[in-house]
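Chemist: My questions will all concern the structure given below.
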Amino acid sequence: MDLLAGMRVLVRVMERGSLSKAAMDLGMGQPAVSERISRLEEHLGERLLHRSTRSLRPTDVGLMFYERAKKTLEAADFAESVTSRNKAALQGTIRIAAPHGLGEMVLPAILMRFRKLHPHLNIDLTLNDRLVSPVSEGVDISLRLGDQKETNCVDEEIGFVRRALVASPDYIAQCGLPAAPNEISAHPFLRVSGIFSDNLLPLRRAGEIFQAEINTVWTVSNWRPLHALLLSGAGIGVLQVPACAEALAAGQLKRLLPQFEVPGYRLRLLYAKSDVISERTRQLVAFLREELKFFREDDGVDLT
């Protein structure tokens with residue numbers, strides 16, 4: 001059997017925790033993935049996974065084989081990349097995970113420019129606002145927002161994403177403006193699930209943090225419906241600056257309490273620690289560092 005191919009299937013199944021999810025990633029049918037795992041187990045003479053209709057978990061032998069298989073595949077990819085460094089373009093598939101706002105508003109244009117340089121490279125972009133680890137979830141690069149460090153990866157802070165408290169001109173005309181933090185609770189507040197869930201909005205001025213009470217009337221799953229609701233005048237809320245820059249520039253949204261700042265997020269770039277990083281990962285990391293450099297000090301949006 002093709003042992004490397006079997007290893008790739010097993011690694012993907014283990015990292016995704018599901019035959020069906022692994023099958024989607026690999027572009028295979030679920031029965032084919034299951035058959036490939038069975039053939040690998042038969043070849044090795046060991047059971048690698050405990051499988052049932054409801055769960056999938058590795059055996060002790062399967063966990064040890066997974067760790068070694070992953071290192072073997074990294075070495076194989078690295079060896080292949082050495083032979084292709086003089087080619088005009090990278091090849092294969094690179095998998096990137098990113099939060100929704102950044103992934104929808106900023107990354108597509110950047111990744112299109114990268115792929116123009118390497119037209120034979122396939123890009124797999126997954127958007128999710130939860131923590132995605134490149135070690136445990138099978139992506140090559142993960143971009144994420146926040147302060148929590150990931151110790152099992154190369155974790156590099158490459159920028160800062162600002163946030164702004166905003167409302168539409170129609171809402172302001174009908175309901176007025178909060179003049180101070182203690183007036184925010186008089187306005188209907190819209191937020192993304194999991195953010196400001198204690199109904200407190202931190203605001204910073206001259207290094208001092210104020211906790212303003214909010215009156216949450218809408219909770220949504222991600223920034224896109226929040227953006228639409230704020231444009232329609234449904235209330236006030238906080239958006240990441242990349243997600244509202246165009247609306248602010250066009251006057252469709254207005255910043256509230258401009259003398260205060262909503263604390264933003266550190267932008268982090270993560271990839272697995274390894275002695276054999278693939279050439280496509282190495283080059284995209286360098287490209288992202290350069291392309292996202294405008295987040296390091298100033299994202300170019302005037303919020304005054």
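Convention: chains lettered A, B, ... in structure tokens order; per-chain residue numbering from 1; ligands numbered from 1 as shown.
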If you run DSSP on the backbone, which residues of range 19-89 of chain A are strand (DSSP E or B), as a list in words?

Modeler: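 Residues of range 19-89 of chain A classed as strand (DSSP E or B): Leu49, His50, Arg51, Leu56, Arg57 and Pro58 of chain A.
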
Chemist: When you look at range 34-51 of chain A with a cut-off of 9 Å (counting only C-alpha atoms), what residues show up, excluding the ones that are within fewer than 6 positions of it in the same chain? I need them as an NGL selection string.

Modeler: :A and (1 or 3 or 5-7 or 9-10 or 14 or 19 or 57-63 or 65-66)

Chemist: Take the residues from that selection and put them in a file with N, CA and C atoms, as a JSON list (two decimals), in the first residue's frame.

Modeler:
[["chain", "number", "residue", "atom", "x", "y", "z"],
["A", 1, "MET", "N", 0.84, -1.19, 0.00],
["A", 1, "MET", "CA", 0.00, 0.00, 0.00],
["A", 1, "MET", "C", 0.88, 1.26, 0.00],
["A", 3, "LEU", "N", 2.09, 3.90, 1.87],
["A", 3, "LEU", "CA", 2.12, 4.19, 3.30],
["A", 3, "LEU", "C", 2.00, 5.68, 3.59],
["A", 5, "ALA", "N", 0.43, 7.94, 1.81],
["A", 5, "ALA", "CA", -0.96, 8.34, 1.60],
["A", 5, "ALA", "C", -1.82, 7.91, 2.78],
["A", 6, "GLY", "N", -1.57, 6.71, 3.29],
["A", 6, "GLY", "CA", -2.32, 6.25, 4.46],
["A", 6, "GLY", "C", -2.04, 7.12, 5.67],
["A", 7, "MET", "N", -0.78, 7.52, 5.83],
["A", 7, "MET", "CA", -0.43, 8.40, 6.95],
["A", 7, "MET", "C", -1.17, 9.74, 6.84],
["A", 9, "VAL", "N", -4.03, 10.38, 5.47],
["A", 9, "VAL", "CA", -5.44, 10.19, 5.82],
["A", 9, "VAL", "C", -5.59, 10.08, 7.34],
["A", 10, "LEU", "N", -4.75, 9.26, 7.96],
["A", 10, "LEU", "CA", -4.85, 9.09, 9.41],
["A", 10, "LEU", "C", -4.61, 10.40, 10.14],
["A", 14, "MET", "N", -7.30, 12.18, 12.59],
["A", 14, "MET", "CA", -6.98, 12.43, 13.99],
["A", 14, "MET", "C", -7.11, 13.92, 14.32],
["A", 19, "LEU", "N", -14.34, 11.26, 10.55],
["A", 19, "LEU", "CA", -14.10, 10.74, 9.21],
["A", 19, "LEU", "C", -14.68, 11.66, 8.15],
["A", 57, "ARG", "N", -11.94, 7.74, 18.56],
["A", 57, "ARG", "CA", -10.81, 8.13, 19.41],
["A", 57, "ARG", "C", -9.62, 7.21, 19.12],
["A", 58, "PRO", "N", -8.41, 7.73, 19.28],
["A", 58, "PRO", "CA", -7.23, 6.93, 18.96],
["A", 58, "PRO", "C", -6.94, 5.89, 20.03],
["A", 59, "THR", "N", -6.40, 4.77, 19.61],
["A", 59, "THR", "CA", -5.83, 3.82, 20.57],
["A", 59, "THR", "C", -4.48, 4.36, 21.03],
["A", 60, "ASP", "N", -3.90, 3.73, 22.03],
["A", 60, "ASP", "CA", -2.57, 4.16, 22.48],
["A", 60, "ASP", "C", -1.55, 4.02, 21.36],
["A", 61, "VAL", "N", -1.64, 2.90, 20.62],
["A", 61, "VAL", "CA", -0.74, 2.69, 19.49],
["A", 61, "VAL", "C", -1.03, 3.73, 18.40],
["A", 62, "GLY", "N", -2.32, 4.01, 18.17],
["A", 62, "GLY", "CA", -2.70, 5.00, 17.16],
["A", 62, "GLY", "C", -2.16, 6.38, 17.47],
["A", 63, "LEU", "N", -2.17, 6.76, 18.76],
["A", 63, "LEU", "CA", -1.67, 8.06, 19.14],
["A", 63, "LEU", "C", -0.16, 8.15, 18.91],
["A", 65, "PHE", "N", 1.54, 6.33, 16.73],
["A", 65, "PHE", "CA", 1.76, 6.30, 15.29],
["A", 65, "PHE", "C", 1.47, 7.66, 14.66],
["A", 66, "TYR", "N", 0.41, 8.32, 15.15],
["A", 66, "TYR", "CA", 0.06, 9.65, 14.65],
["A", 66, "TYR", "C", 1.22, 10.63, 14.83]]

Chemist: So, with only C-alpha atoms as the atoms that count, which of A:Ser168, A:Asn152, A:Thr216, A:Gln252 lies closest to Lys273 in chain A?

Modeler: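 For Lys273 in chain A, the nearest of the given residues is A:Asn152.
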
Chemist: Quick one: distance from CA of Asn182 in chain A to CA of Gly237 in chain A in Å, one decimal?

Modeler: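 CA of Gly237 in chain A lies at a distance of 15.1 Å from CA of Asn182 in chain A.
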
Chemist: Hey, which of A:Met105, A:Leu230, A:Ala97, A:Leu203 ends up closest to Asp129 in chain A? Count only C-alpha atoms.

Modeler: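 Closest candidate: A:Ala97.
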
Chemist: Between A:Val192, A:Ala164, A:Ala180, A:Leu111, which one has atoms that come closest to Pro263 in chain A, using only C-alpha atoms?

Modeler: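 When distances to Pro263 in chain A are compared using only C-alpha atoms, the smallest one comes from A:Ala164.
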
Chemist: If you count only C-alpha atoms, which residues fall within 10 Å of Leu165 in chain A, apart from same-chain ones fewer than 2 positions away, as a PyMOL selection string?

Modeler: chain A and resi 163+167+201+203+236-241+253-258+260-262
